[in-house]
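The file data_3.cif comes next; it holds mmCIF, C-alpha atoms and all ligand atoms.
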data_query
loop_
_atom_site.label_atom_id
_atom_site.label_comp_id
_atom_site.auth_asym_id
_atom_site.auth_seq_id
_atom_site.Cartn_x
_atom_site.Cartn_y
_atom_site.Cartn_z
CA MET N 224 -34.46 -14.98 7.37
CA SER N 225 -34.01 -18.63 8.41
CA THR N 226 -31.51 -19.17 11.20
CA ASP N 227 -31.30 -22.91 10.58
CA SER N 228 -28.02 -23.73 8.85
CA SER N 229 -27.63 -27.17 10.40
CA GLY N 230 -27.41 -28.70 6.91
CA ILE N 231 -23.77 -27.53 6.91
CA SER N 232 -22.82 -29.53 10.00
CA PHE N 233 -21.96 -32.81 8.27
CA THR N 234 -18.97 -31.12 6.60
CA ALA N 235 -17.29 -30.93 10.03
CA HIS N 236 -16.95 -34.70 10.01
CA TYR N 237 -14.93 -34.51 6.81
CA THR N 238 -12.63 -31.71 7.95
CA GLY N 239 -12.21 -33.46 11.31
CA GLU N 240 -10.93 -36.52 9.47
CA VAL N 241 -8.56 -34.39 7.38
CA TRP N 242 -6.99 -32.97 10.56
CA LEU N 243 -6.62 -36.48 11.94
CA ARG N 244 -5.01 -37.96 8.80
CA GLN N 245 -2.52 -35.09 8.85
CA GLY N 246 -1.53 -36.03 12.40
CA TRP N 247 -2.99 -32.81 13.84
CA SER N 248 -5.90 -34.37 15.72
CA ASP N 249 -6.79 -37.06 18.21
CA PRO N 250 -8.58 -40.30 17.21
CA ALA N 251 -11.24 -39.40 19.80
CA LEU N 252 -12.38 -36.64 17.41
CA SER N 253 -12.76 -39.02 14.47
CA THR N 254 -16.28 -40.18 13.55
CA PRO N 255 -17.61 -43.00 11.32
CA GLN N 256 -19.17 -40.33 9.05
CA GLY N 257 -15.83 -38.55 8.78
CA ARG N 258 -14.03 -41.74 7.82
CA LEU N 259 -16.71 -42.54 5.22
CA PHE N 260 -16.68 -39.05 3.66
CA TYR N 261 -12.90 -39.06 3.63
CA GLN N 262 -12.71 -42.36 1.75
CA ALA N 263 -15.53 -41.34 -0.61
CA ALA N 264 -13.78 -38.08 -1.47
CA ARG N 265 -10.37 -39.70 -2.11
CA PRO N 266 -10.83 -40.31 -5.87
CA LEU N 267 -12.03 -36.73 -6.42
CA GLU N 268 -9.25 -35.23 -4.28
CA MET N 269 -6.61 -37.29 -6.08
CA ALA N 270 -7.99 -36.47 -9.52
CA ALA N 271 -8.12 -32.77 -8.67
CA ARG N 272 -4.52 -32.80 -7.51
CA TRP N 273 -3.39 -34.65 -10.62
CA LEU N 274 -5.31 -32.35 -12.96
CA THR N 275 -4.75 -28.97 -11.25
CA GLY N 276 -1.86 -29.39 -8.79
CA SER N 277 -4.20 -28.49 -5.91
CA ASN N 278 -7.28 -29.83 -4.18
CA ASN N 279 -9.67 -29.12 -1.35
CA GLU N 280 -7.67 -31.04 1.24
CA LEU N 281 -4.47 -29.09 0.59
CA LEU N 282 -6.36 -25.80 0.89
CA LEU N 283 -7.87 -26.98 4.19
CA LEU N 284 -4.39 -27.73 5.51
CA GLN N 285 -3.09 -24.36 4.36
CA ARG N 286 -5.85 -22.39 6.06
CA HIS N 287 -5.58 -24.39 9.28
CA ALA N 288 -1.80 -24.00 9.53
CA ILE N 289 -1.93 -20.24 8.93
CA ILE N 290 -4.68 -19.67 11.52
CA ASP N 291 -2.66 -21.75 14.01
CA TYR N 292 0.45 -19.70 13.27
CA TRP N 293 -1.30 -16.39 14.04
CA LEU N 294 -2.92 -17.81 17.13
CA HIS N 295 0.53 -18.82 18.43
CA GLN N 296 1.76 -15.26 17.73
CA ALA N 297 -1.22 -13.73 19.55
CA LEU N 298 -0.57 -15.93 22.59
CA GLN N 299 3.06 -14.80 22.75
CA LEU N 300 1.75 -11.24 23.20
CA ASN N 301 -1.23 -12.10 25.43
CA PRO N 302 -0.76 -15.38 27.33
CA ASP N 303 -4.10 -14.85 29.10
CA LEU N 304 -6.02 -14.61 25.83
CA GLN N 305 -9.64 -15.79 25.72
CA VAL N 306 -10.01 -17.68 22.44
CA VAL N 307 -13.49 -18.24 21.05
CA GLU N 308 -13.73 -20.69 18.16
CA LEU N 309 -17.16 -20.39 16.58
CA ALA N 310 -18.38 -23.22 14.31
CA CYS N 311 -15.67 -25.33 15.93
CA GLY N 312 -16.95 -28.65 14.54
CA LEU N 313 -14.47 -31.43 15.32
CA SER N 314 -11.40 -29.23 15.08
CA PRO N 315 -8.55 -30.24 17.43
CA ARG N 316 -7.28 -26.66 17.84
CA GLY N 317 -8.72 -26.06 21.32
CA GLN N 318 -7.28 -29.25 22.72
CA SER N 319 -3.90 -28.67 21.14
CA PHE N 320 -3.51 -25.03 22.27
CA ILE N 321 -4.83 -25.48 25.78
CA ARG N 322 -2.09 -28.06 26.40
CA GLN N 323 0.61 -25.61 25.30
CA TYR N 324 -0.55 -22.37 26.98
CA PRO N 325 -1.36 -22.69 30.69
CA GLU N 326 -2.88 -19.20 31.11
CA MET N 327 -5.24 -19.13 28.16
CA THR N 328 -8.90 -20.13 28.05
CA TYR N 329 -10.56 -21.73 25.05
CA LEU N 330 -14.27 -21.56 24.33
CA GLU N 331 -15.57 -23.68 21.48
CA ALA N 332 -19.06 -23.08 20.11
CA ASP N 333 -21.28 -24.59 17.45
CA LEU N 334 -24.92 -25.42 16.73
CA PRO N 335 -26.57 -27.55 19.44
CA GLU N 336 -26.02 -31.01 17.96
CA MET N 337 -22.39 -30.43 17.03
CA ALA N 338 -21.63 -28.64 20.32
CA PHE N 339 -23.05 -31.59 22.24
CA ARG N 340 -21.02 -34.06 20.15
CA LYS N 341 -17.84 -32.05 20.70
CA LEU N 342 -18.45 -31.76 24.42
CA LYS N 343 -18.93 -35.52 24.80
CA ARG N 344 -15.72 -36.24 22.90
CA LEU N 345 -13.69 -33.68 24.81
CA GLU N 346 -15.01 -35.06 28.09
CA ALA N 347 -13.92 -38.53 27.01
CA MET N 348 -10.45 -37.06 26.36
CA GLY N 349 -10.42 -35.56 29.88
CA VAL N 350 -10.33 -31.83 29.05
CA GLN N 351 -9.87 -29.28 31.80
CA ALA N 352 -13.45 -28.01 31.82
CA LYS N 353 -12.59 -24.75 33.59
CA ARG N 354 -10.19 -23.52 30.90
CA HIS N 355 -11.65 -25.34 27.90
CA ARG N 356 -15.40 -25.16 27.44
CA VAL N 357 -17.97 -25.90 24.77
CA ALA N 358 -21.14 -23.86 24.31
CA VAL N 359 -23.98 -23.47 21.84
CA CYS N 360 -23.91 -20.46 19.52
CA ASN N 361 -25.74 -19.81 16.28
CA ILE N 362 -24.01 -17.00 14.41
CA LEU N 363 -27.27 -16.20 12.57
CA GLN N 364 -29.17 -15.42 15.76
CA THR N 365 -29.03 -11.76 16.70
CA GLU N 366 -30.81 -12.25 20.01
CA GLY N 367 -31.65 -14.96 22.51
CA GLU N 368 -29.52 -17.39 24.49
CA TYR N 369 -27.70 -18.80 21.43
CA SER N 370 -26.68 -15.38 20.04
CA LEU N 371 -23.08 -14.24 19.99
CA ALA N 372 -23.82 -11.37 22.38
CA ALA N 373 -25.35 -13.75 24.93
CA LEU N 374 -22.42 -16.15 24.57
CA ALA N 375 -19.90 -13.37 25.23
CA LYS N 376 -21.83 -12.04 28.21
CA ARG N 377 -22.23 -15.48 29.75
CA GLU N 378 -18.83 -17.01 29.06
CA LEU N 379 -16.16 -14.31 28.75
CA GLN N 380 -14.34 -12.09 31.24
CA ALA N 381 -14.76 -8.42 30.37
CA ASP N 382 -11.21 -7.43 31.40
CA LYS N 383 -9.22 -9.86 29.22
CA PRO N 384 -8.42 -9.80 25.48
CA VAL N 385 -10.46 -11.93 23.11
CA LEU N 386 -9.51 -13.58 19.84
CA CYS N 387 -12.31 -15.11 17.82
CA ILE N 388 -11.83 -17.72 15.08
CA THR N 389 -14.12 -19.05 12.40
CA GLU N 390 -12.83 -21.69 10.02
CA GLY N 391 -14.78 -23.32 7.21
CA LEU N 392 -17.84 -21.19 7.88
CA VAL N 393 -18.08 -17.85 6.11
CA ASN N 394 -18.40 -19.10 2.52
CA TYR N 395 -21.58 -20.99 3.38
CA PHE N 396 -23.42 -17.65 3.50
CA THR N 397 -24.06 -14.78 1.12
CA LEU N 398 -22.09 -11.60 1.73
CA PRO N 399 -25.06 -9.66 3.26
CA VAL N 400 -25.80 -12.52 5.67
CA ILE N 401 -22.21 -13.10 6.83
CA SER N 402 -21.64 -9.33 7.00
CA ARG N 403 -24.42 -9.01 9.59
CA PHE N 404 -22.53 -11.55 11.70
CA TRP N 405 -19.18 -9.78 11.13
CA GLN N 406 -20.72 -6.49 12.21
CA SER N 407 -22.06 -7.98 15.46
CA LEU N 408 -18.71 -9.68 16.02
CA ALA N 409 -16.84 -6.35 15.64
CA GLN N 410 -19.32 -4.78 18.05
CA MET N 411 -18.88 -7.61 20.57
CA LEU N 412 -15.06 -7.57 20.34
CA SER N 413 -14.98 -3.79 20.82
CA THR N 414 -16.23 -4.25 24.39
CA PHE N 415 -13.01 -6.06 25.41
CA PRO N 416 -9.57 -4.51 26.07
CA GLN N 417 -8.34 -6.08 22.79
CA GLY N 418 -10.29 -7.86 20.09
CA ARG N 419 -9.08 -9.84 17.11
CA TYR N 420 -10.72 -12.07 14.51
CA LEU N 421 -9.13 -14.73 12.30
CA THR N 422 -11.02 -16.49 9.54
CA ASP N 423 -10.35 -18.35 6.32
CA LEU N 424 -12.09 -17.09 3.20
CA TYR N 425 -12.39 -18.34 -0.38
CA PRO N 426 -12.46 -15.26 -2.64
CA ASP N 427 -13.96 -14.72 -6.07
CA PHE N 428 -10.73 -13.80 -7.86
CA SER N 429 -11.64 -13.85 -11.56
CA TRP N 430 -7.96 -14.21 -12.54
CA HIS N 431 -7.66 -17.53 -10.73
CA PRO N 432 -7.28 -20.47 -13.14
CA HIS N 433 -9.22 -22.84 -10.88
CA LEU N 434 -12.43 -20.89 -10.56
CA ARG N 435 -13.96 -22.68 -13.53
CA TRP N 436 -13.55 -25.94 -11.56
CA VAL N 437 -14.64 -24.43 -8.28
CA ARG N 438 -17.92 -22.90 -9.48
CA PRO N 439 -19.65 -26.25 -10.33
CA LEU N 440 -18.29 -27.76 -7.08
CA LYS N 441 -19.72 -24.79 -5.20
CA ASN N 442 -23.18 -25.63 -6.60
CA ILE N 443 -22.87 -29.27 -5.53
CA LEU N 444 -21.81 -28.20 -2.03
CA ALA N 445 -24.73 -25.73 -1.89
CA TRP N 446 -27.14 -28.53 -2.79
CA ALA N 447 -25.64 -30.96 -0.25
CA THR N 448 -25.56 -28.47 2.64
CA GLU N 449 -28.75 -26.57 1.71
CA ALA N 450 -26.68 -23.41 2.15
CA GLU N 451 -26.08 -20.42 -0.12
CA VAL N 452 -22.43 -21.24 -0.73
CA SER N 453 -20.82 -18.05 -2.04
CA LEU N 454 -17.41 -16.78 -2.99
CA HIS N 455 -16.79 -13.29 -1.68
CA PHE N 456 -14.69 -10.36 -2.95
CA ALA N 457 -12.97 -9.70 -6.25
CA ASP N 458 -9.62 -8.76 -4.73
CA GLU N 459 -7.80 -8.35 -1.42
CA GLN N 460 -8.35 -4.60 -1.29
CA GLN N 461 -12.12 -5.24 -1.27
CA ILE N 462 -11.74 -7.62 1.67
CA ARG N 463 -9.83 -5.04 3.68
CA GLN N 464 -12.26 -2.21 2.83
CA HIS N 465 -15.30 -4.31 3.60
CA MET N 466 -14.08 -5.47 7.01
CA ARG N 467 -13.12 -1.92 7.96
CA SER N 468 -16.56 -0.68 6.89
CA LEU N 469 -18.12 -3.17 9.32
CA GLY N 470 -16.27 -1.77 12.34
CA PHE N 471 -12.85 -3.46 12.39
CA ALA N 472 -10.04 -0.92 12.79
CA ASP N 473 -7.52 -2.97 10.83
CA CYS N 474 -7.63 -5.88 8.42
CA GLN N 475 -4.79 -7.89 6.91
CA VAL N 476 -5.14 -10.61 4.33
CA HIS N 477 -2.68 -13.50 4.57
CA VAL N 478 -1.73 -15.25 1.34
CA PRO N 479 -0.41 -18.85 1.71
CA GLU N 480 2.48 -18.23 -0.70
CA SER N 481 4.01 -15.79 1.82
CA TYR N 482 4.46 -18.72 4.24
CA TYR N 483 6.11 -21.16 1.83
CA GLY N 484 9.43 -22.56 2.91
CA TRP N 485 9.32 -21.39 6.53
CA LEU N 486 5.96 -22.29 8.05
CA GLU N 487 6.25 -25.91 9.07
CA ASP N 488 3.50 -28.25 7.88
CA LEU N 489 2.17 -25.82 5.27
CA PRO N 490 1.63 -27.68 1.97
CA ILE N 491 3.30 -25.93 -0.96
CA LEU N 492 1.18 -25.80 -4.11
CA PRO N 493 2.59 -25.49 -7.64
CA VAL N 494 -0.31 -23.16 -8.54
CA PRO N 495 -1.69 -20.01 -6.85
CA SER N 496 -3.59 -20.88 -3.68
CA LEU N 497 -7.32 -20.21 -3.59
CA VAL N 498 -7.64 -19.63 0.13
CA ARG N 499 -6.95 -16.56 2.24
CA VAL N 500 -6.74 -15.99 5.97
CA VAL N 501 -8.32 -12.72 7.04
CA ASP N 502 -6.95 -11.14 10.21
CA CYS N 503 -8.97 -8.27 11.69
CA SER N 504 -8.38 -6.27 14.83
CA LEU N 505 -10.01 -3.48 16.77
C1 LIG W 601 -16.93 -27.01 7.49
S1 LIG W 601 -17.40 -27.25 9.18
C2 LIG W 601 -15.97 -26.53 9.92
C3 LIG W 601 -15.68 -27.11 11.26
C4 LIG W 601 -14.34 -26.67 11.87
N1 LIG W 601 -14.27 -25.24 12.02
C5 LIG W 601 -13.19 -27.16 11.02
O1 LIG W 601 -12.57 -26.35 10.30
O2 LIG W 601 -12.91 -28.35 11.06
C6 LIG W 601 -18.65 -26.00 9.42
C7 LIG W 601 -19.16 -25.89 10.86
O3 LIG W 601 -20.06 -24.76 10.94
C8 LIG W 601 -21.06 -25.07 11.86
N2 LIG W 601 -22.19 -24.15 11.63
C9 LIG W 601 -23.05 -24.12 10.60
N3 LIG W 601 -23.94 -23.13 10.74
C10 LIG W 601 -23.61 -22.49 11.89
C11 LIG W 601 -24.18 -21.39 12.58
N4 LIG W 601 -25.25 -20.74 12.10
N5 LIG W 601 -23.62 -21.00 13.74
C12 LIG W 601 -22.54 -21.66 14.24
N6 LIG W 601 -21.97 -22.71 13.64
C13 LIG W 601 -22.51 -23.13 12.47
C14 LIG W 601 -21.36 -26.53 11.57
O4 LIG W 601 -22.11 -27.17 12.59
C15 LIG W 601 -19.97 -27.09 11.36
O5 LIG W 601 -19.43 -27.55 12.56
#

Starting from the file, give its structure as structure tokens.
Ligand SMILES: C[S@@+](CC[C@H](N)C(=O)[O-])C[C@H]1O[C@@H](n2cnc3c(N)ncnc32)[C@H](O)[C@@H]1O
Amino acid sequence: MSTDSSGISFTAHYTGEVWLRQGWSDPALSTPQGRLFYQAARPLEMAARWLTGSNNELLLLQRHAIIDYWLHQALQLNPDLQVVELACGLSPRGQSFIRQYPEMTYLEADLPEMAFRKLKRLEAMGVQAKRHRVAVCNILQTEGEYSLAALAKRELQADKPVLCITEGLVNYFTLPVISRFWQSLAQMLSTFPQGRYLTDLYPDFSWHPHLRWVRPLKNILAWATEAEVSLHFADEQQIRQHMRSLGFADCQVHVPESYYGWLEDLPILPVPSLVRVVDCSL
């Protein structure tokens, strides 16, 4: 199996620009590519919103806000949490949380080129390198210095809880491929006093009125990223069962509609949301 999924990396420029335009990021994390992709996607995003009431950007904002919410909750319980954000791209989350929680540590990781880019930009912003680090990790590598196991051994303290995040990653892989990663993640997290995993996920709910629009877009994205873009799971029960079968003791699936009206900054859609946040613990 190929472990080169670097074709996906350009999408981080686009999401990075979305976070910035929403006021959630720092201009230092904006790139010329991100600005270009953002402008190029405007007509499509606006047309989608006009035609369907939703679009990709609104779903990105929903997933990001819900992951942030649960990370805040986790830090209330464990202020010394070690957060590991895999496939971090140009997300501002590390920078934003490290400023608010003085006892936590934040480890961002991505493929070599993106990790290097992120590190340079964080350095320019003057991050506190001891508490906020950037490393290389390829979630497809099961061994070697870029594997998840090596990252954990090298970078994390064995006696403190760990919360791992992936955002905008899992749907770029088929279920068998991403399940191998999930299994090794569950195994890795089980070696810490507490382990938790938060990820967004776009399911394959046949009842959803937008799937007929999403399926052709999925093929375009697969072509552009050279990845096997896939929608996973026919319902929420399947998500929970699958994650438990891979070694997680508990799995909850967060539905954006449950957060409407009380979670600040969460866009409210007039149609059912097509994103979920999966919350697994050990
Ligand atoms: C859609 S971007 C998401 C970036 C960020 N999480 C966000 O939401 O803004 C996907 C990210 O996955 C990273 N990526 C792709 N394949 C990866 C792999 N095998 N291991 C780790 N990261 C990977 C890319 O470099 C890119 O930064």

field: stretch 267-283 of chain N surroundings by only C-alpha atoms, 7 Å radius, close-in-sequence under 3 positions cut, as a PyMOL selection string
entry: chain N and resi 264+286-287+490+492-494+498

Counting all atoms listed in the file, the option among N:Glu308, N:Glu240, N:Glu326, N:Glu451 closest to N:Ile401 =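 Smallest distance to N:Ile401 is found for N:Glu451.
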
- request: Compile the contact shell of N:Asp488 as a list in words: residues with an atom at most 9 Å away, counting only C-alpha atoms, same-chain residues fewer than 6 positions apart removed.
  value: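 Selected residues are Leu284, Gln285 and Ala288 of chain N.
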
Expected selection as a PyMOL selection string for ligand LIG 601 (chain W) within 9 Å, all atoms listed in the file | chain N and resi 226-242+283+286-287+308-316+332-338+359-364+369-370+388-393+395

Dump C-alpha atoms for the selected residues as a PDB file, in the coordinates of the input?
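Written file, selection_31.pdb:
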ATOM      1  CA  THR N 226     -31.510 -19.170  11.200  1.00  0.00           C
ATOM      2  CA  ASP N 227     -31.300 -22.910  10.580  1.00  0.00           C
ATOM      3  CA  SER N 228     -28.020 -23.730   8.850  1.00  0.00           C
ATOM      4  CA  SER N 229     -27.630 -27.170  10.400  1.00  0.00           C
ATOM      5  CA  GLY N 230     -27.410 -28.700   6.910  1.00  0.00           C
ATOM      6  CA  ILE N 231     -23.770 -27.530   6.910  1.00  0.00           C
ATOM      7  CA  SER N 232     -22.820 -29.530  10.000  1.00  0.00           C
ATOM      8  CA  PHE N 233     -21.960 -32.810   8.270  1.00  0.00           C
ATOM      9  CA  THR N 234     -18.970 -31.120   6.600  1.00  0.00           C
ATOM     10  CA  ALA N 235     -17.290 -30.930  10.030  1.00  0.00           C
ATOM     11  CA  HIS N 236     -16.950 -34.700  10.010  1.00  0.00           C
ATOM     12  CA  TYR N 237     -14.930 -34.510   6.810  1.00  0.00           C
ATOM     13  CA  THR N 238     -12.630 -31.710   7.950  1.00  0.00           C
ATOM     14  CA  GLY N 239     -12.210 -33.460  11.310  1.00  0.00           C
ATOM     15  CA  GLU N 240     -10.930 -36.520   9.470  1.00  0.00           C
ATOM     16  CA  VAL N 241      -8.560 -34.390   7.380  1.00  0.00           C
ATOM     17  CA  TRP N 242      -6.990 -32.970  10.560  1.00  0.00           C
ATOM     18  CA  LEU N 283      -7.870 -26.980   4.190  1.00  0.00           C
ATOM     19  CA  ARG N 286      -5.850 -22.390   6.060  1.00  0.00           C
ATOM     20  CA  HIS N 287      -5.580 -24.390   9.280  1.00  0.00           C
ATOM     21  CA  GLU N 308     -13.730 -20.690  18.160  1.00  0.00           C
ATOM     22  CA  LEU N 309     -17.160 -20.390  16.580  1.00  0.00           C
ATOM     23  CA  ALA N 310     -18.380 -23.220  14.310  1.00  0.00           C
ATOM     24  CA  CYS N 311     -15.670 -25.330  15.930  1.00  0.00           C
ATOM     25  CA  GLY N 312     -16.950 -28.650  14.540  1.00  0.00           C
ATOM     26  CA  LEU N 313     -14.470 -31.430  15.320  1.00  0.00           C
ATOM     27  CA  SER N 314     -11.400 -29.230  15.080  1.00  0.00           C
ATOM     28  CA  PRO N 315      -8.550 -30.240  17.430  1.00  0.00           C
ATOM     29  CA  ARG N 316      -7.280 -26.660  17.840  1.00  0.00           C
ATOM     30  CA  ALA N 332     -19.060 -23.080  20.110  1.00  0.00           C
ATOM     31  CA  ASP N 333     -21.280 -24.590  17.450  1.00  0.00           C
ATOM     32  CA  LEU N 334     -24.920 -25.420  16.730  1.00  0.00           C
ATOM     33  CA  PRO N 335     -26.570 -27.550  19.440  1.00  0.00           C
ATOM     34  CA  GLU N 336     -26.020 -31.010  17.960  1.00  0.00           C
ATOM     35  CA  MET N 337     -22.390 -30.430  17.030  1.00  0.00           C
ATOM     36  CA  ALA N 338     -21.630 -28.640  20.320  1.00  0.00           C
ATOM     37  CA  VAL N 359     -23.980 -23.470  21.840  1.00  0.00           C
ATOM     38  CA  CYS N 360     -23.910 -20.460  19.520  1.00  0.00           C
ATOM     39  CA  ASN N 361     -25.740 -19.810  16.280  1.00  0.00           C
ATOM     40  CA  ILE N 362     -24.010 -17.000  14.410  1.00  0.00           C
ATOM     41  CA  LEU N 363     -27.270 -16.200  12.570  1.00  0.00           C
ATOM     42  CA  GLN N 364     -29.170 -15.420  15.760  1.00  0.00           C
ATOM     43  CA  TYR N 369     -27.700 -18.800  21.430  1.00  0.00           C
ATOM     44  CA  SER N 370     -26.680 -15.380  20.040  1.00  0.00           C
ATOM     45  CA  ILE N 388     -11.830 -17.720  15.080  1.00  0.00           C
ATOM     46  CA  THR N 389     -14.120 -19.050  12.400  1.00  0.00           C
ATOM     47  CA  GLU N 390     -12.830 -21.690  10.020  1.00  0.00           C
ATOM     48  CA  GLY N 391     -14.780 -23.320   7.210  1.00  0.00           C
ATOM     49  CA  LEU N 392     -17.840 -21.190   7.880  1.00  0.00           C
ATOM     50  CA  VAL N 393     -18.080 -17.850   6.110  1.00  0.00           C
ATOM     51  CA  TYR N 395     -21.580 -20.990   3.380  1.00  0.00           C
TER      52      TYR N 395
END

Expressed in Å, the length from atom CA of N:Leu486 to atom CA of N:Leu454 is 26.4 Å

Counting only C-alpha atoms, the residue among N:Phe396, N:Phe404, N:Tyr482, N:Trp430 that lies closest to N:Thr448 is N:Phe396

Atomic distance atom CA of N:Gln299 - atom CA of N:Pro325, expressed in Å with one decimal:
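Straight-line distance from atom CA of N:Gln299 to atom CA of N:Pro325 works out to 12.0 Å.
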
May I have the centre and edge lengths, in Å to one decimal, of an axis-aligned box around the listed atoms of stretch 270-289 of chain N with 3 Å added to every side, as JSON?
{"center_x": -5.7, "center_y": -28.4, "center_z": -1.7, "size_x": 13.9, "size_y": 22.2, "size_z": 28.5}

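For the atom pair formed by atom CA of N:Phe428 and atom CA of N:Ala409, the distance is 25.4 Å, given to one decimal.
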
In the coordinate frame of the file, compute which residues have an atom within 8 Å of (-14.6, -26.9, 25.7) when using only C-alpha atoms, and state them as a PyMOL selection string.
-> chain N and resi 317+329-331+341-342+345+350+352+354-358

Query - Using all atoms listed in the file: which of N:Gly470, N:Pro302, N:Gly484, N:Pro479 has the shortest distance to N:Leu408 - result: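 Closest residue, counting all atoms listed in the file: N:Gly470.
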
Please rebuild stretch 254-260 of chain N with all heavy atoms and return the result as a compact mmCIF listing (two decimals), keeping the file's coordinate frame.
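Listed below is the output, part_36.txt:
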# COMPACT_ATOMS: atom_id res chain seq x y z
N THR N 254 -14.93 -39.59 13.51
CA THR N 254 -16.28 -40.18 13.55
C THR N 254 -16.43 -41.15 12.36
O THR N 254 -15.73 -41.00 11.35
CB THR N 254 -17.36 -39.09 13.42
OG1 THR N 254 -17.23 -38.47 12.13
CG2 THR N 254 -17.25 -38.05 14.51
N PRO N 255 -17.38 -42.10 12.45
CA PRO N 255 -17.61 -43.00 11.32
C PRO N 255 -17.99 -42.22 10.05
O PRO N 255 -17.51 -42.53 8.96
CB PRO N 255 -18.80 -43.86 11.79
CG PRO N 255 -18.80 -43.76 13.28
CD PRO N 255 -18.21 -42.42 13.62
N GLN N 256 -18.80 -41.14 10.22
CA GLN N 256 -19.17 -40.33 9.05
C GLN N 256 -17.93 -39.70 8.43
O GLN N 256 -17.79 -39.66 7.21
CB GLN N 256 -20.13 -39.19 9.44
CG GLN N 256 -21.46 -39.63 10.02
CD GLN N 256 -21.42 -39.59 11.55
OE1 GLN N 256 -20.53 -40.18 12.16
NE2 GLN N 256 -22.37 -38.91 12.16
N GLY N 257 -17.05 -39.20 9.28
CA GLY N 257 -15.83 -38.55 8.78
C GLY N 257 -14.99 -39.53 7.98
O GLY N 257 -14.47 -39.20 6.90
N ARG N 258 -14.85 -40.73 8.51
CA ARG N 258 -14.03 -41.74 7.82
C ARG N 258 -14.66 -42.10 6.46
O ARG N 258 -13.97 -42.22 5.45
CB ARG N 258 -13.87 -42.99 8.70
CG ARG N 258 -13.04 -42.71 9.95
CD ARG N 258 -12.68 -43.99 10.69
NE ARG N 258 -13.76 -44.54 11.48
CZ ARG N 258 -14.12 -44.12 12.70
NH1 ARG N 258 -13.46 -43.13 13.29
NH2 ARG N 258 -15.11 -44.69 13.35
N LEU N 259 -16.00 -42.20 6.46
CA LEU N 259 -16.71 -42.54 5.22
C LEU N 259 -16.55 -41.43 4.19
O LEU N 259 -16.21 -41.67 3.02
CB LEU N 259 -18.19 -42.76 5.56
CG LEU N 259 -19.07 -43.22 4.40
CD1 LEU N 259 -18.74 -44.67 4.06
CD2 LEU N 259 -20.55 -43.10 4.79
N PHE N 260 -16.79 -40.18 4.61
CA PHE N 260 -16.68 -39.05 3.66
C PHE N 260 -15.25 -38.94 3.13
O PHE N 260 -15.03 -38.64 1.96
CB PHE N 260 -17.07 -37.72 4.34
CG PHE N 260 -18.50 -37.64 4.79
CD1 PHE N 260 -18.84 -36.90 5.93
CD2 PHE N 260 -19.52 -38.29 4.12
CE1 PHE N 260 -20.15 -36.82 6.37
CE2 PHE N 260 -20.84 -38.20 4.55
CZ PHE N 260 -21.15 -37.48 5.69
